[in-house]
Amino acid sequence: MTDLSGVKDWAILTVGNLFIIILLIRVIGAWAKREWGDLFTNLVVAVIIAFLVYANDSAVALLKQLANLAFGTGS
């Protein structure tokens, strides 16, 4: 069997970068229209997606820790 981790990493990077580009285009549009709430929201979401894409292992560890805090460890 082949290890498809390289394909998974490539797909995560590609899709994540596309989302970031789309959000940054929306940020420019919101800035041009002076819609500050939309601008701020799109920037925050772009930063979160960038964290999930570029710091994948750290993001998974953080989400697991937050889930344990919210729902308990289950044991």
# chains A, B, ... in the order shown; residues from 1 in each chain; ligands from 1
>>> residues_around(residues="Gly16 in chain A", least_positions_apart="5", cutoff="10 Å", atoms="only C-alpha atoms", output="short mmCIF file (atom, residue, chain, number, x, y, z; two decimals) with C-alpha atoms, in the first residue's frame")
data_model
loop_
_atom_site.label_atom_id
_atom_site.label_comp_id
_atom_site.auth_asym_id
_atom_site.auth_seq_id
_atom_site.Cartn_x
_atom_site.Cartn_y
_atom_site.Cartn_z
CA TRP A 10 -1.02 18.93 -0.84
CA ALA A 11 -4.83 18.98 -0.81
CA ILE A 21 -7.25 34.09 -1.34
CA ILE A 22 -11.06 34.29 -1.54
CA ALA A 46 -8.49 34.13 7.12
CA ILE A 49 -7.74 29.15 8.25
CA ALA A 50 -4.06 30.07 7.83
CA PHE A 51 -3.37 28.65 11.31
CA LEU A 52 -5.22 25.43 10.42
CA VAL A 53 -3.35 25.09 7.12
CA TYR A 54 0.20 26.10 8.03
#
>>> closest_residue(among="A:Ile12, A:Val7, A:Leu43, A:Ala32", to="Ala55 in chain A", atoms="only C-alpha atoms")
A:Ile12
>>> residues_around(residues="Leu23 in chain A", least_positions_apart="2", cutoff="12 Å", atoms="only C-alpha atoms", output="PyMOL selection string")
chain A and resi 16-21+25-30+38-50
>>> closest_residue(among="A:Ala70, A:Leu24, A:Leu13, A:Leu4", to="Asn56 in chain A", atoms="only C-alpha atoms")
A:Leu13
>>> atom_distance(atom1="CA of Thr14 in chain A", atom2="CA of Leu62 in chain A")
22.3 Å
>>> atom_distance(atom1="CA of Gly6 in chain A", atom2="CA of Ala67 in chain A")
27.4 Å
